[in-house]
Every structure is written in C-alpha cells, then in structure tokens.
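Chemist: Below you'll find structure_29.txt; it's compact mmCIF, C-alpha atoms.
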```
# COMPACT_ATOMS: atom_id res chain seq x y z
CA MET Z 1 0.00 0.00 0.00
CA SER Z 2 1.44 3.38 -0.98
CA ARG Z 3 2.00 6.17 1.49
CA ALA Z 4 -0.51 8.48 -0.28
CA PHE Z 5 -3.24 5.90 0.01
CA SER Z 6 -2.54 5.43 3.72
CA LEU Z 7 -2.81 9.17 4.34
CA ALA Z 8 -6.16 9.27 2.53
CA LEU Z 9 -7.59 6.48 4.68
CA LEU Z 10 -6.43 8.26 7.83
CA LEU Z 11 -8.08 11.50 6.77
CA ILE Z 12 -11.38 9.74 6.04
CA SER Z 13 -11.31 8.03 9.44
CA ILE Z 14 -10.77 11.35 11.20
CA LEU Z 15 -13.68 12.97 9.37
CA LEU Z 16 -16.01 10.07 10.14
CA ALA Z 17 -15.07 10.16 13.79
CA ALA Z 18 -15.77 13.92 13.93
CA GLY Z 19 -19.18 13.46 12.26
CA CYS Z 20 -20.31 10.74 14.65
CA GLY Z 21 -19.34 12.79 17.73
CA ARG Z 22 -21.44 15.92 16.71
CA LYS Z 23 -24.99 16.23 18.31
CA ASP Z 24 -28.12 17.64 16.54
CA PRO Z 25 -29.31 20.85 18.37
CA GLN Z 26 -32.97 20.20 17.40
CA ALA Z 27 -32.87 16.66 18.73
CA ALA Z 28 -31.36 17.86 21.98
CA LYS Z 29 -34.05 20.46 22.35
CA ALA Z 30 -36.81 17.87 21.70
CA THR Z 31 -35.58 15.65 24.51
CA THR Z 32 -35.66 18.53 27.01
CA ALA Z 33 -39.06 18.82 28.98
CA PRO Z 34 -40.82 22.26 28.81
CA ASP Z 35 -40.85 24.39 31.91
CA PRO Z 36 -44.15 24.30 33.85
CA ILE Z 37 -46.31 27.42 33.53
CA SER Z 38 -46.88 29.26 36.80
CA ILE Z 39 -50.59 29.78 37.46
CA LYS Z 40 -53.03 30.62 40.20
CA THR Z 41 -56.03 28.38 40.81
CA ALA Z 42 -59.46 28.57 42.37
CA PRO Z 43 -61.98 25.83 43.21
CA ALA Z 44 -65.22 25.15 41.36
CA VAL Z 45 -68.08 25.61 43.83
CA ALA Z 46 -71.60 24.21 44.09
CA GLN Z 47 -74.32 26.82 44.50
CA THR Z 48 -77.97 27.47 43.73
CA VAL Z 49 -79.18 30.05 41.22
CA GLU Z 50 -82.50 31.41 40.11
CA ARG Z 51 -83.70 30.03 36.80
CA ALA Z 52 -85.91 32.23 34.62
CA ILE Z 53 -87.11 32.56 31.05
CA MET Z 54 -87.56 35.70 29.01
CA ALA Z 55 -90.76 36.53 27.14
CA THR Z 56 -92.03 39.48 25.17
CA GLY Z 57 -95.02 41.59 26.04
CA SER Z 58 -96.55 45.03 25.87
CA LEU Z 59 -98.23 47.50 28.17
CA GLN Z 60 -101.95 48.03 27.63
CA PRO Z 61 -104.27 50.69 29.06
CA ASP Z 62 -106.76 49.59 31.68
CA GLU Z 63 -109.63 50.71 29.44
CA THR Z 64 -109.95 52.07 25.91
CA THR Z 65 -113.19 53.29 24.39
CA THR Z 66 -114.40 55.13 21.34
CA VAL Z 67 -116.85 57.80 22.44
CA SER Z 68 -119.66 58.38 19.96
CA SER Z 69 -123.14 59.89 19.76
CA GLU Z 70 -126.26 57.73 19.60
CA VAL Z 71 -128.08 60.40 17.57
CA PRO Z 72 -127.18 62.16 14.34
CA GLY Z 73 -126.64 65.89 14.27
CA ARG Z 74 -124.29 68.78 13.71
CA ILE Z 75 -121.52 69.25 16.24
CA THR Z 76 -121.75 72.62 17.93
CA LYS Z 77 -119.02 72.26 20.55
CA LEU Z 78 -115.98 70.12 21.34
CA ASN Z 79 -114.62 70.75 24.82
CA TYR Z 80 -111.39 68.70 24.78
CA ASP Z 81 -108.47 68.02 22.50
CA PHE Z 82 -105.69 65.48 22.07
CA GLY Z 83 -103.76 64.62 25.23
CA GLN Z 84 -106.09 66.36 27.67
CA MET Z 85 -107.37 64.63 30.81
CA VAL Z 86 -111.10 64.17 31.34
CA LYS Z 87 -113.19 63.15 34.33
CA LYS Z 88 -116.12 60.76 34.31
CA GLY Z 89 -119.35 62.59 33.47
CA GLN Z 90 -117.69 65.70 32.01
CA ILE Z 91 -119.22 66.97 28.76
CA LEU Z 92 -116.96 66.10 25.83
CA ALA Z 93 -119.10 67.27 22.90
CA GLU Z 94 -122.48 68.86 22.19
CA LEU Z 95 -124.73 68.45 19.14
CA ASP Z 96 -127.40 70.78 17.79
CA THR Z 97 -130.58 69.99 19.77
CA GLN Z 98 -133.20 72.09 17.96
CA GLU Z 99 -134.74 69.24 15.98
CA LEU Z 100 -134.55 66.84 18.92
CA ALA Z 101 -136.30 69.32 21.20
CA LEU Z 102 -139.12 69.68 18.66
CA GLN Z 103 -139.50 65.91 18.58
CA VAL Z 104 -139.89 65.92 22.36
CA GLU Z 105 -142.61 68.58 22.18
CA ARG Z 106 -144.46 66.66 19.48
CA ALA Z 107 -144.37 63.45 21.51
CA ARG Z 108 -145.62 65.25 24.59
CA GLY Z 109 -148.47 66.82 22.59
CA SER Z 110 -149.60 63.44 21.25
CA LEU Z 111 -149.58 62.04 24.77
CA ALA Z 112 -151.65 64.92 26.16
CA GLN Z 113 -154.19 64.55 23.35
CA ALA Z 114 -154.63 60.83 24.02
CA MET Z 115 -155.02 61.38 27.74
CA ALA Z 116 -157.59 64.14 27.25
CA ARG Z 117 -159.58 61.87 24.94
CA VAL Z 118 -160.32 59.56 27.87
CA GLY Z 119 -160.65 62.30 30.45
CA ILE Z 120 -157.24 61.89 32.16
CA ASP Z 121 -155.33 64.88 33.46
CA PRO Z 122 -152.15 65.14 31.33
CA THR Z 123 -150.23 66.62 34.28
CA LYS Z 124 -150.62 63.42 36.32
CA GLU Z 125 -148.25 60.52 35.90
CA GLU Z 126 -150.56 57.80 37.18
CA ILE Z 127 -153.11 56.29 34.80
CA PRO Z 128 -156.46 55.49 36.51
CA ASP Z 129 -158.23 52.17 35.94
CA THR Z 130 -161.56 53.86 35.14
CA THR Z 131 -162.84 56.88 33.28
CA PRO Z 132 -166.13 58.79 33.34
CA GLN Z 133 -167.34 56.77 30.34
CA THR Z 134 -166.68 53.44 32.04
CA ARG Z 135 -168.23 54.59 35.29
CA GLN Z 136 -171.38 55.78 33.47
CA ALA Z 137 -171.64 52.50 31.57
CA LYS Z 138 -171.23 50.56 34.78
CA ALA Z 139 -173.96 52.57 36.54
CA GLN Z 140 -176.38 51.98 33.65
CA MET Z 141 -175.56 48.27 33.72
CA GLU Z 142 -176.16 48.02 37.45
CA ASP Z 143 -179.53 49.84 37.08
CA ALA Z 144 -180.58 47.46 34.34
CA LYS Z 145 -179.40 44.53 36.47
CA SER Z 146 -181.51 45.65 39.42
CA LYS Z 147 -184.63 45.98 37.27
CA TYR Z 148 -184.00 42.58 35.74
CA GLU Z 149 -183.60 40.89 39.12
CA ASN Z 150 -186.84 42.50 40.44
CA ALA Z 151 -188.68 41.46 37.30
CA ALA Z 152 -187.44 37.89 37.72
CA LYS Z 153 -189.24 37.77 41.09
CA LEU Z 154 -192.41 39.48 39.87
CA VAL Z 155 -192.80 37.31 36.81
CA LYS Z 156 -193.05 34.26 39.02
CA THR Z 157 -195.97 35.78 41.01
CA GLY Z 158 -197.63 37.07 37.85
CA ASP Z 159 -197.31 40.72 38.81
CA ILE Z 160 -195.67 41.49 35.44
CA SER Z 161 -196.08 39.92 32.07
CA THR Z 162 -193.53 37.68 30.48
CA GLU Z 163 -193.09 40.18 27.65
CA ARG Z 164 -192.09 42.90 30.12
CA PHE Z 165 -189.64 40.56 31.82
CA THR Z 166 -188.11 39.69 28.47
CA GLU Z 167 -187.66 43.41 27.63
CA LEU Z 168 -185.90 44.07 30.97
CA GLU Z 169 -183.67 41.04 30.45
CA LYS Z 170 -182.64 42.27 27.01
CA ALA Z 171 -182.00 45.74 28.39
CA TYR Z 172 -179.76 44.31 31.12
CA ARG Z 173 -177.74 42.23 28.66
CA ALA Z 174 -177.32 45.26 26.37
CA ARG Z 175 -176.03 47.40 29.23
CA TRP Z 176 -173.61 44.61 30.19
CA ALA Z 177 -172.28 44.43 26.62
CA ALA Z 178 -171.96 48.22 26.52
CA LEU Z 179 -169.91 48.16 29.75
CA GLU Z 180 -167.60 45.51 28.33
CA ALA Z 181 -167.16 47.50 25.13
CA THR Z 182 -166.35 50.61 27.15
CA GLN Z 183 -163.78 48.69 29.20
CA ASP Z 184 -162.21 47.25 26.05
CA GLU Z 185 -162.00 50.72 24.54
CA LEU Z 186 -160.45 52.02 27.75
CA ARG Z 187 -157.80 49.29 27.75
CA THR Z 188 -156.97 50.11 24.15
CA GLN Z 189 -156.67 53.82 24.90
CA LEU Z 190 -154.60 53.19 28.03
CA ALA Z 191 -152.22 51.00 26.03
CA ALA Z 192 -151.90 53.79 23.48
CA ILE Z 193 -151.15 56.24 26.30
CA ARG Z 194 -148.41 53.99 27.68
CA SER Z 195 -146.93 53.74 24.19
CA LEU Z 196 -147.01 57.52 23.80
CA ARG Z 197 -145.38 57.93 27.18
CA ALA Z 198 -142.60 55.61 26.01
CA ASP Z 199 -142.27 57.78 22.89
CA VAL Z 200 -141.88 60.83 25.11
CA LYS Z 201 -139.16 59.14 27.18
CA LEU Z 202 -137.38 57.99 24.04
CA ALA Z 203 -137.49 61.51 22.57
CA GLU Z 204 -136.17 62.92 25.85
CA LYS Z 205 -133.35 60.35 25.87
CA ARG Z 206 -132.37 61.24 22.32
CA LEU Z 207 -132.27 64.86 23.40
CA ARG Z 208 -129.95 63.97 26.29
CA ASP Z 209 -127.80 61.84 23.96
CA ALA Z 210 -126.97 64.98 22.01
CA THR Z 211 -124.68 65.80 24.95
CA VAL Z 212 -121.74 63.36 24.93
CA VAL Z 213 -120.04 62.75 28.30
CA ALA Z 214 -116.87 60.94 29.37
CA PRO Z 215 -117.50 57.32 30.43
CA PHE Z 216 -114.55 57.25 32.89
CA ASP Z 217 -111.50 59.20 34.02
CA GLY Z 218 -108.92 59.12 31.26
CA ILE Z 219 -106.93 60.92 28.59
CA VAL Z 220 -108.04 61.89 25.10
CA GLN Z 221 -105.97 59.77 22.75
CA MET Z 222 -107.58 61.04 19.54
CA LYS Z 223 -110.16 63.55 18.36
CA HIS Z 224 -111.94 62.28 15.24
CA VAL Z 225 -114.26 65.18 14.27
CA SER Z 226 -114.38 68.98 14.20
CA PRO Z 227 -116.97 71.59 15.22
CA GLY Z 228 -119.64 72.19 12.55
CA GLN Z 229 -119.31 68.69 11.15
CA TYR Z 230 -122.52 66.71 10.64
CA ILE Z 231 -122.25 63.15 11.92
CA LYS Z 232 -124.50 60.12 11.86
CA GLU Z 233 -125.26 58.02 14.90
CA ASN Z 234 -122.42 55.93 16.37
CA VAL Z 235 -119.74 57.89 14.53
CA ALA Z 236 -116.52 58.13 16.60
CA ILE Z 237 -115.97 61.52 18.23
CA TYR Z 238 -113.15 60.81 20.70
CA THR Z 239 -110.93 57.90 21.70
CA VAL Z 240 -110.38 57.94 25.44
CA VAL Z 241 -107.91 55.71 27.31
CA LYS Z 242 -107.61 54.96 30.99
CA ALA Z 243 -103.87 54.65 31.55
CA THR Z 244 -103.99 53.79 35.26
CA PRO Z 245 -103.58 51.05 36.24
CA LEU Z 246 -101.64 49.66 33.29
CA ARG Z 247 -102.06 46.07 32.15
CA LEU Z 248 -99.11 43.93 31.14
CA ARG Z 249 -99.92 41.44 28.41
CA ALA Z 250 -97.19 38.85 27.85
CA GLU Z 251 -96.77 35.83 25.56
CA ILE Z 252 -95.49 32.89 27.64
CA PRO Z 253 -93.68 30.05 25.75
CA GLU Z 254 -95.28 26.63 25.85
CA SER Z 255 -92.33 25.22 27.83
CA ALA Z 256 -93.09 27.55 30.76
CA VAL Z 257 -96.89 27.33 30.80
CA SER Z 258 -96.86 25.04 33.83
CA GLU Z 259 -94.83 27.62 35.78
CA ILE Z 260 -97.31 30.49 35.52
CA HIS Z 261 -100.65 30.87 37.26
CA VAL Z 262 -102.88 33.56 38.67
CA GLY Z 263 -100.86 35.37 41.36
CA THR Z 264 -97.44 34.82 39.75
CA THR Z 265 -95.17 37.88 39.96
CA LEU Z 266 -93.51 38.96 36.71
CA GLU Z 267 -90.54 41.29 36.37
CA PHE Z 268 -90.14 43.35 33.22
CA THR Z 269 -87.98 46.03 31.66
CA THR Z 270 -88.56 48.45 28.82
CA GLU Z 271 -86.34 50.64 26.69
CA ALA Z 272 -88.64 53.55 27.51
CA VAL Z 273 -87.24 53.53 31.06
CA PRO Z 274 -83.61 52.29 30.91
CA ASN Z 275 -81.96 50.64 33.92
CA ALA Z 276 -85.26 50.13 35.75
CA THR Z 277 -87.14 46.97 36.66
CA PHE Z 278 -90.87 46.82 37.31
CA LYS Z 279 -93.18 44.16 38.73
CA ALA Z 280 -96.67 43.00 37.88
CA VAL Z 281 -98.96 40.24 39.20
CA VAL Z 282 -100.80 37.87 36.86
CA ARG Z 283 -104.58 38.30 37.11
CA GLU Z 284 -105.90 36.50 34.00
CA LEU Z 285 -104.71 33.65 31.79
CA ASN Z 286 -105.93 32.66 28.35
CA PRO Z 287 -107.52 29.19 28.62
CA ALA Z 288 -105.80 28.01 25.41
CA LEU Z 289 -102.47 28.46 23.63
CA ASP Z 290 -102.20 30.27 20.35
CA ASN Z 291 -102.24 27.71 17.52
CA ARG Z 292 -99.55 29.47 15.49
CA SER Z 293 -97.05 30.78 18.06
CA ARG Z 294 -97.70 28.09 20.71
CA THR Z 295 -97.69 30.74 23.42
CA LEU Z 296 -100.07 31.47 26.27
CA THR Z 297 -101.34 35.01 26.75
CA ALA Z 298 -101.10 36.19 30.35
CA GLU Z 299 -102.41 39.51 31.62
CA ALA Z 300 -100.97 41.11 34.75
CA ARG Z 301 -101.54 44.28 36.77
CA LEU Z 302 -98.65 46.53 37.76
CA LEU Z 303 -97.96 46.58 41.49
CA ASN Z 304 -97.05 50.26 41.50
CA GLY Z 305 -98.01 52.96 39.05
CA ASP Z 306 -95.23 54.87 37.34
CA ALA Z 307 -95.82 57.92 35.19
CA ARG Z 308 -92.82 56.98 33.04
CA LEU Z 309 -94.59 53.90 31.73
CA LYS Z 310 -96.92 54.43 28.79
CA PRO Z 311 -99.50 52.19 27.08
CA GLY Z 312 -98.14 50.51 23.97
CA SER Z 313 -94.56 50.14 25.27
CA PHE Z 314 -92.73 46.95 24.29
CA VAL Z 315 -91.34 45.09 27.32
CA GLN Z 316 -89.08 42.15 28.11
CA VAL Z 317 -90.67 39.92 30.75
CA ARG Z 318 -88.70 37.71 33.13
CA LEU Z 319 -90.52 34.69 34.57
CA VAL Z 320 -88.79 32.79 37.39
CA THR Z 321 -89.15 29.03 36.86
CA ASN Z 322 -86.89 27.78 39.68
CA LYS Z 323 -85.66 29.85 42.63
CA ALA Z 324 -82.96 27.39 43.77
CA TYR Z 325 -81.52 25.47 40.83
CA PRO Z 326 -78.23 23.64 41.71
CA VAL Z 327 -75.22 24.42 39.49
CA ILE Z 328 -71.42 24.24 39.52
CA ALA Z 329 -69.71 27.59 39.02
CA VAL Z 330 -66.16 28.83 38.53
CA PRO Z 331 -64.76 32.36 38.90
CA LYS Z 332 -65.21 34.60 35.92
CA ASP Z 333 -61.42 34.96 35.68
CA ALA Z 334 -61.18 31.23 34.88
CA VAL Z 335 -63.00 31.65 31.55
CA TYR Z 336 -60.95 32.63 28.51
CA THR Z 337 -62.61 33.81 25.31
CA VAL Z 338 -60.79 33.86 22.00
CA ALA Z 339 -62.26 34.05 18.48
CA GLY Z 340 -65.75 33.58 19.89
CA LEU Z 341 -64.76 30.40 21.75
CA ASN Z 342 -65.23 30.17 25.52
CA LYS Z 343 -63.02 27.77 27.46
CA PHE Z 344 -61.42 27.16 30.83
CA PHE Z 345 -58.68 24.86 32.18
CA SER Z 346 -58.96 22.46 35.06
CA ILE Z 347 -55.81 21.25 36.75
CA GLU Z 348 -55.37 17.49 36.87
CA ASN Z 349 -52.11 15.75 37.86
CA GLY Z 350 -50.09 18.91 37.31
CA LYS Z 351 -51.39 19.49 33.82
CA ALA Z 352 -53.97 21.81 32.29
CA VAL Z 353 -57.07 20.14 30.83
CA GLU Z 354 -59.03 22.25 28.36
CA HIS Z 355 -62.86 22.49 28.58
CA LYS Z 356 -65.00 24.31 26.04
CA ILE Z 357 -68.34 25.83 27.04
CA PRO Z 358 -71.03 27.19 24.68
CA GLN Z 359 -71.84 30.43 26.49
CA ILE Z 360 -71.06 32.41 29.60
CA LEU Z 361 -73.90 32.42 32.11
CA GLY Z 362 -73.66 33.74 35.63
CA SER Z 363 -73.48 36.71 37.94
CA ASN Z 364 -71.62 38.08 40.94
CA GLY Z 365 -68.24 37.15 39.46
CA MET Z 366 -69.13 33.46 38.95
CA VAL Z 367 -69.81 31.58 35.73
CA GLU Z 368 -72.17 28.59 35.58
CA MET Z 369 -70.81 25.42 34.01
CA PRO Z 370 -72.91 23.11 31.82
CA GLU Z 371 -74.11 20.06 33.69
CA GLY Z 372 -71.43 17.35 33.88
CA THR Z 373 -68.56 19.62 32.82
CA ILE Z 374 -66.70 19.75 36.14
CA ALA Z 375 -67.19 18.58 39.71
CA ALA Z 376 -67.43 20.79 42.76
CA GLY Z 377 -64.04 21.31 44.42
CA ALA Z 378 -62.01 20.81 41.23
CA GLN Z 379 -59.22 23.34 40.74
CA VAL Z 380 -59.29 25.66 37.71
CA ALA Z 381 -56.70 28.07 36.42
CA VAL Z 382 -57.41 31.77 36.91
CA SER Z 383 -54.17 33.33 35.59
CA ASN Z 384 -51.94 33.07 32.51
CA LEU Z 385 -54.84 31.54 30.56
CA PRO Z 386 -53.53 32.66 27.11
CA MET Z 387 -50.33 30.65 27.74
CA LEU Z 388 -52.15 27.42 28.54
CA THR Z 389 -52.88 24.59 26.14
CA ASN Z 390 -54.45 21.21 26.63
CA GLY Z 391 -51.97 18.98 28.50
CA ALA Z 392 -49.51 21.78 29.30
CA PRO Z 393 -47.61 21.26 32.61
CA VAL Z 394 -48.38 23.86 35.24
CA ARG Z 395 -47.08 24.93 38.57
CA THR Z 396 -49.53 26.30 41.14
CA ALA Z 397 -48.32 29.59 42.53
CA GLY Z 398 -51.29 30.18 44.84
CA GLN Z 399 -55.06 30.26 45.08
CA ASN Z 400 -57.58 33.03 44.59
```
So, in terms of structure tokens, how does the structure I just supplied come out?
Modeler:
Amino acid sequence: MSRAFSLALLLISILLAAGCGRKDPQAAKATTAPDPISIKTAPAVAQTVERAIMATGSLQPDETTTVSSEVPGRITKLNYDFGQMVKKGQILAELDTQELALQVERARGSLAQAMARVGIDPTKEEIPDTTPQTRQAKAQMEDAKSKYENAAKLVKTGDISTERFTELEKAYRARWAALEATQDELRTQLAAIRSLRADVKLAEKRLRDATVVAPFDGIVQMKHVSPGQYIKENVAIYTVVKATPLRLRAEIPESAVSEIHVGTTLEFTTEAVPNATFKAVVRELNPALDNRSRTLTAEARLLNGDARLKPGSFVQVRLVTNKAYPVIAVPKDAVYTVAGLNKFFSIENGKAVEHKIPQILGSNGMVEMPEGTIAAGAQVAVSNLPMLTNGAPVRTAGQN
C-alpha cells in the first residue's frame, strides 16, 4: 500500500469520527421537557341560582273606548283636545238639539191629546183604571141589572107579564155588553197612552244623547271630528284611554306554561325607562295556547303605578321558573374567550385540561358550568390563561 493511500484512509477516518461525535441541536431540544407554567387556581363551587325565562309583552291601558253619539246631528261644541285629561261625566261634545227638542214637544203633545180623549189629566203621571165613560156604563148596567132581578121575582108571582120581563132582560144584557165595550175601549186607549209615554221618554233620551259625556277618568288619545261637522249616529268623536292602572300582556312560551298561574309575579324592563325593573302580578290567563305561536297570553296588573310607563310600550318579561336550581360555578377569571370560543382549564395531575363551554352564564363574578362539565371542588386556572394549552404542565403559585 502506498503512502498516499494510507494518508487518505487516515483523513477519512478522522472525518467520520468527527461526524459521529457531533450532536443535533434540534434533537437535543426535543428531549428537554418544557418548563411548567406558573398559574393561580381557584376551586369550582356548588351553588344554587335562580332560573328564569324571558318573554315578550306590551303594556296596555286599563280601558280604551271610542266615544260616539247615539243620535245624528251637527256638532256645535268640542270641549277637549288630544292629550287632555277628562273626568267621568264631564261633557266632551255637544250636538245641535233644535230638531230633537221639537221631537220631544211633538211626543208630549200626542200624549196629552190621548189622555184628554179619555178624560185623564195630562199633568198626572198615574193612569187610573176607570174613566167617566166606564163609570157611566157601569152605573147603567147596574140599574138594568136591578130591574132585571126584580122582574125575575115578579114574573113568578104574575105581577108582570112575560113580555115585560123579556124586555128588561134584554135591556140588562145590552147594558152589560156596553160596559164591556167601554172597558175594552179604555184598555186600548190606556195601552196607546203607555206607548205615547214611552215615545216621550225615548225623545227625551235622544235629546240627552246629544250631549256626549266621558264614560270614565282618562286621557283623550284622539279627536276624530271637528266643530260644525254633521255626523251620523255611532260615529266616533273621541278615543279615550284609561292609563292607570296599566295592564301587562305577555306571551309565555309553551315550555313555561306550567310555571305560571294567577298570582305569579312577573318582572319586566322596557327601553322607555332604561336601567329600571318593574313588577306585575298575573290576574288573567288565556284558557288556550295560540295555535300558530304556541304561546299562552297572560295579563298582569302593575304593582305600583309609574308615570314613566306608557301604554303601547314593548317590554321584556322575566318569569322565574326555579328559585334554587343547583349548578357548579367557577370564577369569571377562569373563563378565557378567544375568536368567539369560551373555554377554561382544570388542573389534573399537574397538567392543564381544556374544557370548552357554549356560552357564559352567571353573575356576581361566577360563571355557571354546563351540567357534567366539572365537579365541585375541582381546581381551575385563573391566571396566565392565554399561555395554557391542553396537557400543558403547570405549577400552582397560589389560590384566589
């Protein structure tokens, strides 16, 4: 073997030995365990919370009515306008009464004429059972009856002839028929008088109806007509609402129907009065659910009146379904939200275990966990959450 060849083999051996003794930096790094992340922990706690559902509703006035006139006529006066308060019995509008007053006078005249026809004083309200005509007919009948009865005795003894007795009998029967005819005529005339008296009362009522009054204390929501306008009967003049007490009408979902009954207290809020909560008590329930929405209509009365609340306001109703529902909760600091994902880390055997939750529910600094997510007493991380990953080693630095 030549000397040059020997030197080449030696050089190759040296290079191979140097290559085998060099370590890969990446491999060395992979075999080194990561440093534990220092965190603070807090325990998951068992507690009870109030369960409730939200429903929509609206505020309704206690009463709403459209005030109209029962008689046609031309409006001569309107005493109130939009937004003004009215009291029960106050005159809202007045119609022209000239024609109605004439109708009253005509009805009264017809009544007086009918009463005078039978000899009754028109100024007296009571209607007698008899009249001079009936009393005269009755007296004539009784006279004929007396003669007939005497003749019936005399004809038996032969003191009068049979022909004379027959004449007296016929006279008695005629007087009796005349009395009955007079009484029938009287009953007919008295019935006519009662009818005319009803006509008078009806005409007087129509005259009173020309003055339109407020049916209850309320506020004018709308004025529909103007002075000088001719209206027919039952045409709307005003819309009046009674805003106190307000009614709350809510649509309760089918799932919560069993939780609501008469006497249930509802809480509600409205954008018309921000940052305020009001209460109402259920007074009426619809006996059936709506076929389309599958909701039950409940009507409640407000416990306390508030001038800030107005009829027609949209409200959000809160119905408590369970006052002490058991849940497991963790501190709010234990929940980390990133890209719309909510998660927290429990600590098990020195490592972080990731748990994802759909939404954040809770109050007073605690967040409710979905059922079966974590047990009471389990430790959860409350610091350095962005640095944690599932399975990352951790070191507990203290508890909150």
Chemist: Go through Z:Gly372, Z:Leu78, Z:Val220, Z:Ile347 and flag the residue nearest Arg395 (chain Z), using only C-alpha atoms for the distances.
Modeler: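 Among the listed residues, the smallest separation from Arg395 (chain Z) belongs to Z:Ile347.
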Chemist: Hey, can you check how far CA of Gln221 (chain Z) sits from CA of Thr239 (chain Z)?
Modeler: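 Separation between CA of Gln221 (chain Z) and CA of Thr239 (chain Z): 5.4 Å.
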Chemist: I'd like the box whose edges run along x, y and z of the file and which contains every listed atom of region 70-80 of chain Z, padded by 4 Å per side; could you state its centre and edge lengths in Å, one decimal, as AutoDock Vina command-line options?
Modeler:
```
--center_x -119.7 --center_y 65.2 --center_z 19.3 --size_x 24.7 --size_y 22.9 --size_z 19.1
```
Chemist: Would you mind telling me which residue in Z:Glu99, Z:Glu251, Z:Glu63, Z:Glu259 lies nearest to Asp290 (chain Z) when using only C-alpha atoms?
Modeler: Z:Glu251
Chemist: Find, counting all atoms listed in the file, the residue in Z:Ser363, Z:Thr48, Z:Gln229, Z:Thr389 that gets nearest to Pro72 (chain Z).
Modeler: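 Smallest separation from Pro72 (chain Z) among the options: Z:Gln229.
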Chemist: To one decimal in Å, tell me the separation between CA of Ala101 (chain Z) and CA of Asp217 (chain Z).
Modeler: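 Those two atoms sit 29.7 Å apart.
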Chemist: Using only C-alpha atoms, pick whichever of Z:Thr182, Z:Thr56, Z:Thr270, Z:Ser255 has the shortest atom-to-atom distance to Thr130 (chain Z).
Modeler: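 Closest candidate: Z:Thr182.
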Chemist: For Tyr238 (chain Z), which residue among Z:Ala307, Z:Ala107, Z:Val213, Z:Val155 is the nearest when counting all atoms listed in the file?
Modeler: Z:Val213
Chemist: For CA of Ile360 (chain Z) and CA of Ser38 (chain Z), determine how far apart the two atoms are, in Å to one decimal place.
Modeler: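 Here the two named atoms are 25.4 Å from each other.
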Chemist: Can you work out which one of Z:Leu302, Z:Ala55, Z:Ala288, Z:Ala44 has the shortest atom-to-atom distance to Thr373 (chain Z), counting all atoms listed in the file?
Modeler: Z:Ala44
Chemist: For Ala276 (chain Z), please output as a list in words all residues within 12 Å (counting only C-alpha atoms; exclusion window: fewer than 4 positions along the same chain).
Modeler: Glu267, Phe268, Thr269, Thr270, Glu271, Ala272, Asp306, Arg308, Leu309, Val315 and Gln316 of chain Z
Chemist: So that I can check the surroundings of Ser383 (chain Z), please list as an NGL selection string every protein, DNA and RNA residue that reaches within 8 Å of it, counting all atoms listed in the file and ignoring chain neighbours fewer than 5 positions away.
Modeler: :Z and (39-41 or 333-334)
Chemist: In the coordinate frame of the file, compute which residues have an atom within 12 Å of (-65.9, 26.0, 28.0) when using all atoms listed in the file, and state them as an NGL selection string.
Modeler: :Z and (329-330 or 332 or 334-338 or 340-346 or 353-361 or 367-374 or 380)
Chemist: Write the selection just made, keeping C-alpha atoms, as an mmCIF file, in the frame of the given file?
Modeler:
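The new file part-v3.cif reads:
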```cif
data_model
loop_
_atom_site.group_PDB
_atom_site.id
_atom_site.type_symbol
_atom_site.label_atom_id
_atom_site.label_comp_id
_atom_site.auth_asym_id
_atom_site.auth_seq_id
_atom_site.Cartn_x
_atom_site.Cartn_y
_atom_site.Cartn_z
ATOM 1 C CA ALA Z 329 -69.710 27.590 39.020
ATOM 2 C CA VAL Z 330 -66.160 28.830 38.530
ATOM 3 C CA LYS Z 332 -65.210 34.600 35.920
ATOM 4 C CA ALA Z 334 -61.180 31.230 34.880
ATOM 5 C CA VAL Z 335 -63.000 31.650 31.550
ATOM 6 C CA TYR Z 336 -60.950 32.630 28.510
ATOM 7 C CA THR Z 337 -62.610 33.810 25.310
ATOM 8 C CA VAL Z 338 -60.790 33.860 22.000
ATOM 9 C CA GLY Z 340 -65.750 33.580 19.890
ATOM 10 C CA LEU Z 341 -64.760 30.400 21.750
ATOM 11 C CA ASN Z 342 -65.230 30.170 25.520
ATOM 12 C CA LYS Z 343 -63.020 27.770 27.460
ATOM 13 C CA PHE Z 344 -61.420 27.160 30.830
ATOM 14 C CA PHE Z 345 -58.680 24.860 32.180
ATOM 15 C CA SER Z 346 -58.960 22.460 35.060
ATOM 16 C CA VAL Z 353 -57.070 20.140 30.830
ATOM 17 C CA GLU Z 354 -59.030 22.250 28.360
ATOM 18 C CA HIS Z 355 -62.860 22.490 28.580
ATOM 19 C CA LYS Z 356 -65.000 24.310 26.040
ATOM 20 C CA ILE Z 357 -68.340 25.830 27.040
ATOM 21 C CA PRO Z 358 -71.030 27.190 24.680
ATOM 22 C CA GLN Z 359 -71.840 30.430 26.490
ATOM 23 C CA ILE Z 360 -71.060 32.410 29.600
ATOM 24 C CA LEU Z 361 -73.900 32.420 32.110
ATOM 25 C CA VAL Z 367 -69.810 31.580 35.730
ATOM 26 C CA GLU Z 368 -72.170 28.590 35.580
ATOM 27 C CA MET Z 369 -70.810 25.420 34.010
ATOM 28 C CA PRO Z 370 -72.910 23.110 31.820
ATOM 29 C CA GLU Z 371 -74.110 20.060 33.690
ATOM 30 C CA GLY Z 372 -71.430 17.350 33.880
ATOM 31 C CA THR Z 373 -68.560 19.620 32.820
ATOM 32 C CA ILE Z 374 -66.700 19.750 36.140
ATOM 33 C CA VAL Z 380 -59.290 25.660 37.710
#
```
